[in-house]
>>> print(open('entry17.pdb').read())   # PDB, C-alpha atoms
MODEL        1
ATOM      1  CA  MET Q 399      14.985   1.862 -36.109
ATOM      2  CA  LEU Q 400      17.421   3.387 -33.635
ATOM      3  CA  ASN Q 401      15.707   6.352 -31.999
ATOM      4  CA  LEU Q 402      18.571   8.857 -31.900
ATOM      5  CA  ASP Q 403      16.111  11.715 -31.428
ATOM      6  CA  GLY Q 404      14.907  10.126 -28.205
ATOM      7  CA  TRP Q 405      18.458   9.608 -27.013
ATOM      8  CA  ASN Q 406      19.332  13.223 -27.800
ATOM      9  CA  ALA Q 407      16.185  14.450 -26.032
ATOM     10  CA  ILE Q 408      17.239  12.779 -22.787
ATOM     11  CA  ASP Q 409      20.760  14.116 -23.187
ATOM     12  CA  GLY Q 410      19.344  17.615 -23.609
ATOM     13  CA  VAL Q 411      17.280  17.396 -20.425
ATOM     14  CA  LEU Q 412      20.242  16.151 -18.409
ATOM     15  CA  LYS Q 413      22.535  18.768 -19.958
ATOM     16  CA  ALA Q 414      20.112  21.488 -18.859
ATOM     17  CA  ARG Q 415      20.111  20.145 -15.298
ATOM     18  CA  TYR Q 416      23.732  19.081 -14.855
ATOM     19  CA  GLY Q 417      25.668  21.044 -17.440
ATOM     20  CA  ASP Q 418      29.120  19.574 -17.931
ATOM     21  CA  ALA Q 419      29.205  17.812 -14.561
ATOM     22  CA  ALA Q 420      31.044  14.504 -14.694
ATOM     23  CA  ARG Q 421      28.859  11.443 -14.724
ATOM     24  CA  LEU Q 422      29.314   7.702 -14.777
ATOM     25  CA  GLU Q 423      27.541   5.442 -17.244
ATOM     26  CA  TRP Q 424      26.447   1.848 -17.232
ATOM     27  CA  ASP Q 425      26.126   0.351 -20.704
ATOM     28  CA  ALA Q 426      24.428  -2.941 -21.487
ATOM     29  CA  PRO Q 427      26.978  -5.592 -22.516
ATOM     30  CA  MET Q 428      24.568  -6.872 -25.152
ATOM     31  CA  PRO Q 429      22.520  -4.132 -26.870
ATOM     32  CA  TYR Q 430      18.768  -4.615 -26.862
ATOM     33  CA  ARG Q 431      17.050  -5.318 -30.196
ATOM     34  CA  PRO Q 432      13.232  -5.532 -30.249
ATOM     35  CA  ALA Q 433      13.092  -7.313 -33.621
ATOM     36  CA  GLY Q 434      15.025  -8.026 -36.772
ATOM     37  CA  PRO Q 435      17.899 -10.332 -37.658
ATOM     38  CA  VAL Q 436      19.880  -9.553 -34.485
ATOM     39  CA  PRO Q 437      18.484 -11.425 -31.448
ATOM     40  CA  MET Q 438      17.033  -9.456 -28.552
ATOM     41  CA  GLY Q 439      19.655  -8.633 -25.970
ATOM     42  CA  ARG Q 440      19.376  -9.557 -22.339
ATOM     43  CA  PHE Q 441      18.954  -5.971 -21.141
ATOM     44  CA  VAL Q 442      16.151  -3.625 -22.165
ATOM     45  CA  THR Q 443      18.014  -0.683 -20.659
ATOM     46  CA  ASN Q 444      20.846   0.322 -22.978
ATOM     47  CA  THR Q 445      22.450   2.980 -20.797
ATOM     48  CA  ILE Q 446      22.062   4.390 -17.287
ATOM     49  CA  ALA Q 447      23.423   7.864 -16.562
ATOM     50  CA  ILE Q 448      24.739   8.076 -12.994
ATOM     51  CA  TYR Q 449      25.402  11.430 -11.325
ATOM     52  CA  PRO Q 450      27.240  11.647  -7.985
ATOM     53  CA  ARG Q 451      25.513  14.262  -5.833
ATOM     54  CA  ASP Q 452      26.500  16.018  -2.600
ATOM     55  CA  GLU Q 453      23.404  18.177  -2.076
ATOM     56  CA  PRO Q 454      21.103  18.200  -0.211
ATOM     57  CA  VAL Q 455      22.626  14.922   1.000
ATOM     58  CA  PRO Q 456      25.158  12.635  -0.710
ATOM     59  CA  HIS Q 457      23.395  10.388  -3.186
ATOM     60  CA  TRP Q 458      23.518   8.838  -6.639
ATOM     61  CA  HIS Q 459      20.999  10.041  -9.224
ATOM     62  CA  LEU Q 460      20.344   7.341 -11.839
ATOM     63  CA  VAL Q 461      18.489   7.975 -15.103
ATOM     64  CA  GLY Q 462      17.681   5.169 -17.524
ATOM     65  CA  TYR Q 463      17.768   5.192 -21.324
ATOM     66  CA  ALA Q 464      15.211   2.513 -22.125
ATOM     67  CA  LEU Q 465      11.635   3.628 -22.781
ATOM     68  CA  THR Q 466      12.183   6.831 -24.729
ATOM     69  CA  ALA Q 467      15.407   5.724 -26.402
ATOM     70  CA  PRO Q 468      16.882   4.105 -28.306
ATOM     71  CA  TYR Q 469      14.171   1.668 -29.498
ATOM     72  CA  GLU Q 470      11.062   2.606 -27.540
ATOM     73  CA  GLU Q 471       8.944   5.742 -27.806
ATOM     74  CA  ARG Q 472       6.847   5.567 -24.653
ATOM     75  CA  GLY Q 473       7.519   9.126 -23.517
ATOM     76  CA  TYR Q 474       8.910   8.387 -20.074
ATOM     77  CA  GLU Q 475      12.011   7.121 -18.324
ATOM     78  CA  PHE Q 476      12.650   5.733 -14.848
ATOM     79  CA  THR Q 477      14.953   7.441 -12.374
ATOM     80  CA  LEU Q 478      16.184   6.424  -8.943
ATOM     81  CA  ARG Q 479      18.113   8.092  -6.140
ATOM     82  CA  VAL Q 480      20.057   6.061  -3.593
ATOM     83  CA  PRO Q 481      22.447   7.026  -0.777
ATOM     84  CA  ARG Q 482      26.089   7.562  -1.705
ATOM     85  CA  ARG Q 483      28.520   6.412   0.949
ATOM     86  CA  PRO Q 484      31.808   8.301   1.453
ATOM     87  CA  GLU Q 485      33.882   5.382   0.198
ATOM     88  CA  GLU Q 486      31.736   4.628  -2.852
ATOM     89  CA  THR Q 487      33.018   5.319  -6.341
ATOM     90  CA  GLU Q 488      30.196   3.486  -8.138
ATOM     91  CA  ALA Q 489      26.445   3.217  -7.685
ATOM     92  CA  PRO Q 490      25.320  -0.046  -6.045
ATOM     93  CA  ASN Q 491      24.495  -2.915  -8.360
ATOM     94  CA  TRP Q 492      21.008  -3.390  -6.939
ATOM     95  CA  ALA Q 493      20.055   0.152  -7.983
ATOM     96  CA  LEU Q 494      21.154  -0.475 -11.576
ATOM     97  CA  ALA Q 495      19.272  -3.771 -11.560
ATOM     98  CA  GLN Q 496      16.132  -2.087 -10.229
ATOM     99  CA  LEU Q 497      15.964   0.347 -13.145
ATOM    100  CA  GLU Q 498      16.466  -2.537 -15.569
ATOM    101  CA  HIS Q 499      13.775  -4.645 -13.878
ATOM    102  CA  LEU Q 500      11.242  -1.845 -14.197
ATOM    103  CA  ALA Q 501      12.039  -1.143 -17.850
ATOM    104  CA  SER Q 502      12.134  -4.832 -18.731
ATOM    105  CA  TYR Q 503       8.707  -5.388 -17.180
ATOM    106  CA  VAL Q 504       7.232  -2.545 -19.246
ATOM    107  CA  VAL Q 505       8.681  -3.693 -22.573
ATOM    108  CA  ARG Q 506       8.053  -7.396 -22.149
ATOM    109  CA  SER Q 507       4.536  -7.062 -20.659
ATOM    110  CA  GLY Q 508       3.322  -3.997 -22.556
ATOM    111  CA  ASN Q 509       2.014  -2.506 -19.292
ATOM    112  CA  ASP Q 510       2.950   1.131 -18.802
ATOM    113  CA  PHE Q 511       3.501   3.030 -15.569
ATOM    114  CA  GLN Q 512       2.299   6.508 -14.676
ATOM    115  CA  VAL Q 513       2.725   8.977 -11.851
ATOM    116  CA  GLY Q 514       0.898   7.581  -8.816
ATOM    117  CA  HIS Q 515       1.303   3.900  -9.674
ATOM    118  CA  TYR Q 516       2.808   1.500  -7.170
ATOM    119  CA  ILE Q 517       4.301  -1.983  -7.261
ATOM    120  CA  GLU Q 518       4.944  -4.623  -4.587
ATOM    121  CA  PHE Q 519       7.754  -7.165  -4.862
ATOM    122  CA  PRO Q 520       7.904 -10.725  -3.532
ATOM    123  CA  ASP Q 521      11.656 -10.398  -2.966
ATOM    124  CA  PRO Q 522      13.926  -7.723  -1.469
ATOM    125  CA  LEU Q 523      15.068  -4.909  -3.763
ATOM    126  CA  ASP Q 524      18.628  -5.990  -2.987
ATOM    127  CA  PRO Q 525      19.117  -9.769  -2.654
ATOM    128  CA  GLU Q 526      22.035  -9.041  -0.347
ATOM    129  CA  ARG Q 527      19.788  -7.057   2.008
ATOM    130  CA  PRO Q 528      16.973  -9.484   2.913
ATOM    131  CA  ASP Q 529      16.480  -7.588   6.178
ATOM    132  CA  SER Q 530      15.444  -4.387   4.390
ATOM    133  CA  GLU Q 531      11.889  -3.223   5.116
ATOM    134  CA  LEU Q 532      11.567  -1.727   1.631
ATOM    135  CA  ARG Q 533       9.579  -4.275  -0.353
ATOM    136  CA  ALA Q 534       7.505  -1.999  -2.578
ATOM    137  CA  GLY Q 535       7.724   1.289  -4.428
ATOM    138  CA  GLY Q 536       5.738   4.217  -5.724
ATOM    139  CA  LEU Q 537       6.274   6.259  -8.880
ATOM    140  CA  VAL Q 538       6.312  10.053  -8.690
ATOM    141  CA  LEU Q 539       7.696  12.883 -10.786
ATOM    142  CA  ASP Q 540      11.438  13.173 -10.353
ATOM    143  CA  PRO Q 541      11.707  16.273  -8.099
ATOM    144  CA  GLU Q 542      14.292  17.902 -10.393
ATOM    145  CA  LEU Q 543      13.652  16.517 -13.870
ATOM    146  CA  GLY Q 544       9.856  16.302 -13.737
ATOM    147  CA  ARG Q 545       8.348  16.642 -17.206
ATOM    148  CA  ALA Q 546      10.326  18.151 -20.061
ATOM    149  CA  ARG Q 547       9.265  19.452 -23.468
ATOM    150  CA  THR Q 548      11.630  18.296 -26.200
ATOM    151  CA  GLU Q 549      11.620  18.136 -29.968
ATOM    152  CA  LEU Q 550      10.471  14.564 -29.526
ATOM    153  CA  GLY Q 551       7.525  15.667 -27.382
ATOM    154  CA  GLU Q 552       7.011  15.533 -23.639
ATOM    155  CA  ILE Q 553       9.196  13.209 -21.595
ATOM    156  CA  THR Q 554       8.144  12.299 -18.060
ATOM    157  CA  PHE Q 555      10.830  11.231 -15.612
ATOM    158  CA  LEU Q 556       9.276   8.766 -13.187
ATOM    159  CA  GLN Q 557      11.270   8.407  -9.997
ATOM    160  CA  PHE Q 558      10.927   5.095  -8.190
ATOM    161  CA  VAL Q 559      10.633   5.655  -4.437
ATOM    162  CA  GLY Q 560      11.129   2.594  -2.257
ATOM    163  CA  LEU Q 561       8.342   1.957   0.263
ATOM    164  CA  THR Q 562       7.877  -0.341   3.230
ATOM    165  CA  THR Q 563       4.806  -2.571   3.409
ATOM    166  CA  ASP Q 564       3.201  -0.235   5.972
ATOM    167  CA  GLU Q 565       3.837   2.735   3.692
ATOM    168  CA  LEU Q 566       2.352   0.868   0.731
ATOM    169  CA  HIS Q 567      -0.815   0.211   2.728
ATOM    170  CA  ALA Q 568      -0.960   3.903   3.636
ATOM    171  CA  ALA Q 569      -0.624   4.810  -0.046
ATOM    172  CA  GLN Q 570      -3.436   2.409  -0.928
ATOM    173  CA  ALA Q 571      -5.637   4.045   1.721
ATOM    174  CA  TRP Q 572      -5.108   7.436   0.027
ATOM    175  CA  HIS Q 573      -2.783   7.714  -2.984
ATOM    176  CA  VAL Q 574       0.935   7.523  -3.737
ATOM    177  CA  ASP Q 575       1.427  11.229  -4.426
ATOM    178  CA  GLY Q 576      -0.156  12.227  -1.127
ATOM    179  CA  LEU Q 577       1.850   9.737   0.892
ATOM    180  CA  VAL Q 578       5.164  10.637  -0.744
ATOM    181  CA  GLU Q 579       4.492  14.346  -0.246
ATOM    182  CA  ALA Q 580       3.845  13.679   3.440
ATOM    183  CA  MET Q 581       7.068  11.663   3.679
ATOM    184  CA  ALA Q 582       9.177  14.172   1.721
ATOM    185  CA  PRO Q 583      10.359  16.203   4.760
ATOM    186  CA  HIS Q 584      11.891  12.977   6.084
ATOM    187  CA  LEU Q 585      13.288  11.832   2.700
ATOM    188  CA  PRO Q 586      15.499  14.455   1.022
ATOM    189  CA  MET Q 587      15.138  14.123  -2.784
ATOM    190  CA  LEU Q 588      12.987  11.031  -2.123
ATOM    191  CA  ILE Q 589      16.059   8.832  -1.787
ATOM    192  CA  THR Q 590      15.508   5.082  -1.604
ATOM    193  CA  ASP Q 591      17.540   4.002   1.425
ATOM    194  CA  LEU Q 592      17.334   0.254   2.032
ATOM    195  CA  GLY Q 593      18.393   0.726   5.642
ATOM    196  CA  ARG Q 594      15.655   3.095   6.762
ATOM    197  CA  MET Q 595      12.670   2.275   8.929
ATOM    198  CA  SER Q 596       9.019   2.795   8.048
ATOM    199  CA  LEU Q 597       7.739   6.362   8.188
ATOM    200  CA  ALA Q 598       4.056   5.413   8.086
ATOM    201  CA  ASP Q 599       3.568   5.789  11.848
ATOM    202  CA  LEU Q 600       5.247   9.177  12.188
ATOM    203  CA  PRO Q 601       2.567  11.527  13.577
ATOM    204  CA  ASP Q 602       2.684  14.015  10.694
ATOM    205  CA  VAL Q 603       2.670  11.286   8.032
ATOM    206  CA  ALA Q 604      -0.097   9.266   9.689
ATOM    207  CA  ARG Q 605      -2.202  12.400  10.159
ATOM    208  CA  ALA Q 606      -1.782  13.449   6.516
ATOM    209  CA  VAL Q 607      -2.839  10.005   5.285
ATOM    210  CA  ARG Q 608      -5.777   9.804   7.673
ATOM    211  CA  GLU Q 609      -7.083  13.251   6.770
ATOM    212  CA  GLY Q 610      -6.369  12.830   3.060
ATOM    213  CA  SER Q 611      -8.187   9.503   2.889
ATOM    214  CA  ALA Q 612     -11.190  10.924   4.771
ATOM    215  CA  ARG Q 613     -11.272  13.958   2.477
ATOM    216  CA  GLU Q 614     -10.537  12.371  -0.912
ATOM    217  CA  GLY Q 615     -11.043   8.656  -0.420
ATOM    218  CA  ALA Q 616      -8.764   5.809  -1.452
ATOM    219  CA  GLY Q 617      -7.413   5.718  -4.984
ATOM    220  CA  THR Q 618      -6.960   1.935  -4.851
ATOM    221  CA  GLY Q 619     -10.018  -0.001  -5.981
ATOM    222  CA  PHE Q 620      -8.459  -3.443  -6.410
ATOM    223  CA  LEU Q 621      -6.553  -5.633  -3.941
ATOM    224  CA  PHE Q 622      -5.149  -9.136  -4.379
ATOM    225  CA  PHE Q 623      -5.153 -11.401  -1.305
ATOM    226  CA  GLN Q 624      -3.451 -14.775  -1.245
ATOM    227  CA  ARG Q 625      -5.842 -15.869   1.508
ATOM    228  CA  LEU Q 626      -9.400 -14.972   0.545
ATOM    229  CA  ALA Q 627     -12.650 -16.960   0.733
ATOM    230  CA  ALA Q 628     -16.315 -16.250   1.319
ATOM    231  CA  ASP Q 629     -19.268 -18.314   2.538
ATOM    232  CA  THR Q 630     -22.940 -17.331   2.276
ATOM    233  CA  SER Q 631     -24.574 -20.476   3.700
ATOM    234  CA  ASP Q 632     -25.414 -18.636   6.931
ATOM    235  CA  GLY Q 633     -25.220 -14.907   6.371
ATOM    236  CA  VAL Q 634     -21.980 -13.615   4.906
ATOM    237  CA  THR Q 635     -18.626 -14.790   6.230
ATOM    238  CA  LEU Q 636     -15.395 -13.459   4.761
ATOM    239  CA  GLU Q 637     -12.076 -15.210   5.417
ATOM    240  CA  LEU Q 638      -8.878 -13.148   5.188
ATOM    241  CA  GLY Q 639      -5.238 -13.901   5.834
ATOM    242  CA  VAL Q 640      -3.890 -11.957   8.799
ATOM    243  CA  GLN Q 641      -1.322 -10.306   6.503
ATOM    244  CA  HIS Q 642      -4.121  -8.688   4.459
ATOM    245  CA  VAL Q 643      -6.092  -7.082   7.299
ATOM    246  CA  SER Q 644      -4.148  -3.824   7.326
ATOM    247  CA  GLN Q 645      -4.844  -3.218   3.633
ATOM    248  CA  PHE Q 646      -8.492  -4.192   3.913
ATOM    249  CA  THR Q 647      -9.291  -2.013   6.928
ATOM    250  CA  LYS Q 648      -7.440   1.008   5.515
ATOM    251  CA  VAL Q 649      -8.866   0.892   2.000
ATOM    252  CA  LEU Q 650     -12.501  -0.163   2.648
ATOM    253  CA  PRO Q 651     -13.557   3.060   4.486
ATOM    254  CA  GLY Q 652     -11.792   5.091   1.807
ATOM    255  CA  ARG Q 653     -13.893   3.516  -0.963
ATOM    256  CA  LEU Q 654     -17.524   2.840  -0.056
ATOM    257  CA  PRO Q 655     -18.270   6.072   1.862
ATOM    258  CA  HIS Q 656     -16.993   7.945  -1.196
ATOM    259  CA  GLY Q 657     -19.292   6.051  -3.541
ATOM    260  CA  ASN Q 658     -16.627   3.748  -4.979
ATOM    261  CA  PRO Q 659     -16.446  -0.072  -5.031
ATOM    262  CA  LEU Q 660     -13.625  -2.229  -3.688
ATOM    263  CA  ILE Q 661     -12.692  -5.445  -5.483
ATOM    264  CA  LEU Q 662     -10.869  -8.250  -3.681
ATOM    265  CA  ARG Q 663      -9.300 -11.014  -5.751
ATOM    266  CA  GLY Q 664      -7.699 -14.198  -4.549
ATOM    267  CA  PRO Q 665      -7.316 -17.841  -5.511
ATOM    268  CA  GLY Q 666     -11.064 -18.325  -5.937
ATOM    269  CA  GLU Q 667     -14.195 -16.236  -6.342
ATOM    270  CA  PRO Q 668     -13.672 -12.455  -6.334
ATOM    271  CA  VAL Q 669     -15.488 -10.390  -3.708
ATOM    272  CA  VAL Q 670     -16.861  -6.989  -4.708
ATOM    273  CA  PHE Q 671     -17.934  -4.467  -2.063
ATOM    274  CA  LEU Q 672     -20.454  -1.926  -3.323
ATOM    275  CA  PRO Q 673     -21.837   1.210  -1.637
ATOM    276  CA  GLY Q 674     -25.540   1.145  -0.802
ATOM    277  CA  ARG Q 675     -28.150   2.037   1.793
ATOM    278  CA  GLU Q 676     -28.854  -1.535   2.905
ATOM    279  CA  PHE Q 677     -26.651  -4.568   3.489
ATOM    280  CA  ARG Q 678     -27.271  -7.333   0.978
ATOM    281  CA  HIS Q 679     -25.342  -9.847  -1.068
ATOM    282  CA  SER Q 680     -25.701 -11.782  -4.308
ATOM    283  CA  ARG Q 681     -23.675 -14.028  -6.554
ATOM    284  CA  THR Q 682     -23.463 -12.964 -10.184
ATOM    285  CA  GLY Q 683     -21.637 -16.024 -11.484
ATOM    286  CA  GLU Q 684     -18.461 -13.968 -11.745
ATOM    287  CA  ALA Q 685     -18.174 -12.614  -8.196
ATOM    288  CA  LEU Q 686     -19.801 -12.339  -4.797
ATOM    289  CA  GLU Q 687     -21.212  -8.821  -4.535
ATOM    290  CA  ILE Q 688     -21.717  -7.360  -1.072
ATOM    291  CA  THR Q 689     -23.589  -4.078  -0.819
ATOM    292  CA  MET Q 690     -22.723  -2.251   2.383
ATOM    293  CA  PRO Q 691     -23.836   1.043   4.003
ATOM    294  CA  ASP Q 692     -21.161   3.571   4.941
ATOM    295  CA  GLY Q 693     -21.641   2.970   8.663
ATOM    296  CA  VAL Q 694     -21.068  -0.771   8.341
ATOM    297  CA  ALA Q 695     -17.944  -0.213   6.208
ATOM    298  CA  ARG Q 696     -16.479   2.091   8.872
ATOM    299  CA  ALA Q 697     -17.460  -0.288  11.677
ATOM    300  CA  VAL Q 698     -15.778  -3.215   9.907
ATOM    301  CA  ALA Q 699     -12.593  -1.166   9.501
ATOM    302  CA  GLU Q 700     -12.581  -0.309  13.192
ATOM    303  CA  ALA Q 701     -13.460  -3.790  14.480
ATOM    304  CA  VAL Q 702     -11.303  -6.161  12.446
ATOM    305  CA  ARG Q 703      -7.782  -6.454  13.802
ATOM    306  CA  PRO Q 704      -4.620  -8.030  12.319
ATOM    307  CA  ARG Q 705      -4.868 -10.966  14.712
ATOM    308  CA  PRO Q 706      -6.389 -14.393  14.127
ATOM    309  CA  GLY Q 707      -9.983 -14.493  15.324
ATOM    310  CA  THR Q 708     -13.619 -14.036  14.423
ATOM    311  CA  TYR Q 709     -15.013 -10.514  14.135
ATOM    312  CA  ARG Q 710     -18.747  -9.926  13.759
ATOM    313  CA  VAL Q 711     -20.017  -6.570  12.597
ATOM    314  CA  GLY Q 712     -23.761  -6.548  12.022
ATOM    315  CA  PRO Q 713     -24.580  -8.976   9.191
ATOM    316  CA  LEU Q 714     -20.935  -9.563   8.254
ATOM    317  CA  THR Q 715     -18.524 -12.001   9.892
ATOM    318  CA  VAL Q 716     -14.798 -11.743   9.170
ATOM    319  CA  ASN Q 717     -12.577 -14.685  10.045
ATOM    320  CA  VAL Q 718      -8.901 -13.716  10.209
ATOM    321  CA  VAL Q 719      -6.603 -16.708   9.787
ATOM    322  CA  ASP Q 720      -2.835 -17.255   9.854
TER     323      ASP Q 720
ENDMDL
END
>>> encode(input="entry17.pdb", output="structure tokens")
Amino acid sequence: MLNLDGWNAIDGVLKARYGDAARLEWDAPMPYRPAGPVPMGRFVTNTIAIYPRDEPVPHWHLVGYALTAPYEERGYEFTLRVPRRPEETEAPNWALAQLEHLASYVVRSGNDFQVGHYIEFPDPLDPERPDSELRAGGLVLDPELGRARTELGEITFLQFVGLTTDELHAAQAWHVDGLVEAMAPHLPMLITDLGRMSLADLPDVARAVREGSAREGAGTGFLFFQRLAADTSDGVTLELGVQHVSQFTKVLPGRLPHGNPLILRGPGEPVVFLPGREFRHSRTGEALEITMPDGVARAVAEAVRPRPGTYRVGPLTVNVVD
């Protein structure tokens, strides 16, 4: 059944924020139908409201109508802010497509997103900008819309914030909210600008992540590595792809010293790192479990570098391969 209440709830939130300000709209050429005699349309998103903004910097503010209305009742919607160039009269196509991709993934997979979640993409956000460093994103509360109480219930507006790979690794070492808050002074309204450089190495951002991870630990307990193998024929030897070292060395010391495990998955047997007083390992039939003292976890993080080679830290050997 068409959820007009959900549609009206979103309209009410945007009316409260923008009043009668002019907005653009993108409407799906083929309306989405989840079931029934009319086939499902190509687009899950039925409408995207697009507001041209001048403050604090020129940008487009996009708000999707997909997950709260008109056919879903998930209680949240995706938003996105992208730069608005002086000559632009319409929001860029990639930004519209990004909102649709997110909503489509949710509806077709059944997996929901929440504040603090992140996602990494195999392809550029904009196919026409393969040089862009933004290849991931985090989800935070939209800084203006946030959460709203409506007659339908609470609606959360999740803003997608584009992240570079380095920034994603920093978020995994701590958490998305902390990283984005640290980046906020450099990103007005958390705009996703495909042309920007990574902010992860800025002194204030790097310090916030380092101190936050040491204080609170890493919120990420699961990593997937395309290159991952382990051998226990002579001690414990872990093989990692060079592209995974940054994640591993940032997240490991944020997990075990805080009493939390870290799970690595790859093409073969999973590897589970567990906190403990003594180094030991065992195979459970489902995974290789490696128990590791805090000092060894920190030493591994300091010793292993993102360069091919063999790194030995006490009873553990890490082979980094191309």
>>> resolve_selection(input="entry17.pdb", expression="the PyMOL selection byres ((chain Q and resi 574-587) around 6)", output="ChimeraX atom specification")
/Q:514,569,573,588-589,603
>>> residues_around(input="entry17.pdb", residues="Q:Leu465", least_positions_apart="6", cutoff="12 Å", atoms="all atoms listed in the file", output="PyMOL selection string")
chain Q and resi 401+404-405+408+430+432+442-446+471-477+497-498+500-506+508-511+553-556
>>> write_last_selection(input="entry17.pdb", atoms="C-alpha atoms", output="PDB file, keeping the file's coordinate frame")
ATOM      1  CA  ASN Q 401      15.707   6.352 -31.999  1.00  0.00           C
ATOM      2  CA  GLY Q 404      14.907  10.126 -28.205  1.00  0.00           C
ATOM      3  CA  TRP Q 405      18.458   9.608 -27.013  1.00  0.00           C
ATOM      4  CA  ILE Q 408      17.239  12.779 -22.787  1.00  0.00           C
ATOM      5  CA  TYR Q 430      18.768  -4.615 -26.862  1.00  0.00           C
ATOM      6  CA  PRO Q 432      13.232  -5.532 -30.249  1.00  0.00           C
ATOM      7  CA  VAL Q 442      16.151  -3.625 -22.165  1.00  0.00           C
ATOM      8  CA  THR Q 443      18.014  -0.683 -20.659  1.00  0.00           C
ATOM      9  CA  ASN Q 444      20.846   0.322 -22.978  1.00  0.00           C
ATOM     10  CA  THR Q 445      22.450   2.980 -20.797  1.00  0.00           C
ATOM     11  CA  ILE Q 446      22.062   4.390 -17.287  1.00  0.00           C
ATOM     12  CA  GLU Q 471       8.944   5.742 -27.806  1.00  0.00           C
ATOM     13  CA  ARG Q 472       6.847   5.567 -24.653  1.00  0.00           C
ATOM     14  CA  GLY Q 473       7.519   9.126 -23.517  1.00  0.00           C
ATOM     15  CA  TYR Q 474       8.910   8.387 -20.074  1.00  0.00           C
ATOM     16  CA  GLU Q 475      12.011   7.121 -18.324  1.00  0.00           C
ATOM     17  CA  PHE Q 476      12.650   5.733 -14.848  1.00  0.00           C
ATOM     18  CA  THR Q 477      14.953   7.441 -12.374  1.00  0.00           C
ATOM     19  CA  LEU Q 497      15.964   0.347 -13.145  1.00  0.00           C
ATOM     20  CA  GLU Q 498      16.466  -2.537 -15.569  1.00  0.00           C
ATOM     21  CA  LEU Q 500      11.242  -1.845 -14.197  1.00  0.00           C
ATOM     22  CA  ALA Q 501      12.039  -1.143 -17.850  1.00  0.00           C
ATOM     23  CA  SER Q 502      12.134  -4.832 -18.731  1.00  0.00           C
ATOM     24  CA  TYR Q 503       8.707  -5.388 -17.180  1.00  0.00           C
ATOM     25  CA  VAL Q 504       7.232  -2.545 -19.246  1.00  0.00           C
ATOM     26  CA  VAL Q 505       8.681  -3.693 -22.573  1.00  0.00           C
ATOM     27  CA  ARG Q 506       8.053  -7.396 -22.149  1.00  0.00           C
ATOM     28  CA  GLY Q 508       3.322  -3.997 -22.556  1.00  0.00           C
ATOM     29  CA  ASN Q 509       2.014  -2.506 -19.292  1.00  0.00           C
ATOM     30  CA  ASP Q 510       2.950   1.131 -18.802  1.00  0.00           C
ATOM     31  CA  PHE Q 511       3.501   3.030 -15.569  1.00  0.00           C
ATOM     32  CA  ILE Q 553       9.196  13.209 -21.595  1.00  0.00           C
ATOM     33  CA  THR Q 554       8.144  12.299 -18.060  1.00  0.00           C
ATOM     34  CA  PHE Q 555      10.830  11.231 -15.612  1.00  0.00           C
ATOM     35  CA  LEU Q 556       9.276   8.766 -13.187  1.00  0.00           C
TER      36      LEU Q 556
END
>>> closest_residue(input="entry17.pdb", among="Q:Arg605, Q:Arg675, Q:Arg681, Q:Arg547", to="Q:Ala695", atoms="all atoms listed in the file")
Q:Arg675
>>> closest_atom_pairs(input="entry17.pdb", of="stretch 514-547 of chain Q", to="stretch 565-568 of chain Q", cutoff="10 Å", atoms="all atoms listed in the file", output="Markdown table")
| residue | atom | partner | partner_atom | distance |
| --- | --- | --- | --- | --- |
| Q:Tyr516 | CA | Q:Leu566 | CA | 7.9 |
| Q:Ile517 | CA | Q:Leu566 | CA | 8.7 |
| Q:Glu518 | CA | Q:Leu566 | CA | 8.1 |
| Q:Leu532 | CA | Q:Glu565 | CA | 9.2 |
| Q:Arg533 | CA | Q:Leu566 | CA | 8.9 |
| Q:Ala534 | CA | Q:Leu566 | CA | 6.8 |
| Q:Gly535 | CA | Q:Leu566 | CA | 7.5 |
| Q:Gly536 | CA | Q:Leu566 | CA | 8.0 |
>>> atom_distance(input="entry17.pdb", atom1="atom CA of Q:Thr635", atom2="atom CA of Q:Thr715")
4.6 Å
>>> atom_distance(input="entry17.pdb", atom1="atom CA of Q:Ile661", atom2="atom CA of Q:Lys648")
13.8 Å
>>> atom_distance(input="entry17.pdb", atom1="atom CA of Q:Thr548", atom2="atom CA of Q:Pro454")
27.7 Å
>>> resolve_selection(input="entry17.pdb", expression="the PyMOL selection byres ((chain Q and resi 638) around 10)", output="PDB file with C-alpha atoms, in the frame of the given file")
ATOM      1  CA  PHE Q 623      -5.153 -11.401  -1.305  1.00  0.00           C
ATOM      2  CA  GLN Q 624      -3.451 -14.775  -1.245  1.00  0.00           C
ATOM      3  CA  ARG Q 625      -5.842 -15.869   1.508  1.00  0.00           C
ATOM      4  CA  LEU Q 626      -9.400 -14.972   0.545  1.00  0.00           C
ATOM      5  CA  ALA Q 627     -12.650 -16.960   0.733  1.00  0.00           C
ATOM      6  CA  ALA Q 628     -16.315 -16.250   1.319  1.00  0.00           C
ATOM      7  CA  THR Q 635     -18.626 -14.790   6.230  1.00  0.00           C
ATOM      8  CA  LEU Q 636     -15.395 -13.459   4.761  1.00  0.00           C
ATOM      9  CA  GLU Q 637     -12.076 -15.210   5.417  1.00  0.00           C
ATOM     10  CA  GLY Q 639      -5.238 -13.901   5.834  1.00  0.00           C
ATOM     11  CA  VAL Q 640      -3.890 -11.957   8.799  1.00  0.00           C
ATOM     12  CA  GLN Q 641      -1.322 -10.306   6.503  1.00  0.00           C
ATOM     13  CA  HIS Q 642      -4.121  -8.688   4.459  1.00  0.00           C
ATOM     14  CA  VAL Q 643      -6.092  -7.082   7.299  1.00  0.00           C
ATOM     15  CA  PHE Q 646      -8.492  -4.192   3.913  1.00  0.00           C
ATOM     16  CA  GLY Q 664      -7.699 -14.198  -4.549  1.00  0.00           C
ATOM     17  CA  PRO Q 704      -4.620  -8.030  12.319  1.00  0.00           C
ATOM     18  CA  PRO Q 706      -6.389 -14.393  14.127  1.00  0.00           C
ATOM     19  CA  VAL Q 716     -14.798 -11.743   9.170  1.00  0.00           C
ATOM     20  CA  ASN Q 717     -12.577 -14.685  10.045  1.00  0.00           C
ATOM     21  CA  VAL Q 718      -8.901 -13.716  10.209  1.00  0.00           C
ATOM     22  CA  VAL Q 719      -6.603 -16.708   9.787  1.00  0.00           C
ATOM     23  CA  ASP Q 720      -2.835 -17.255   9.854  1.00  0.00           C
TER      24      ASP Q 720
END
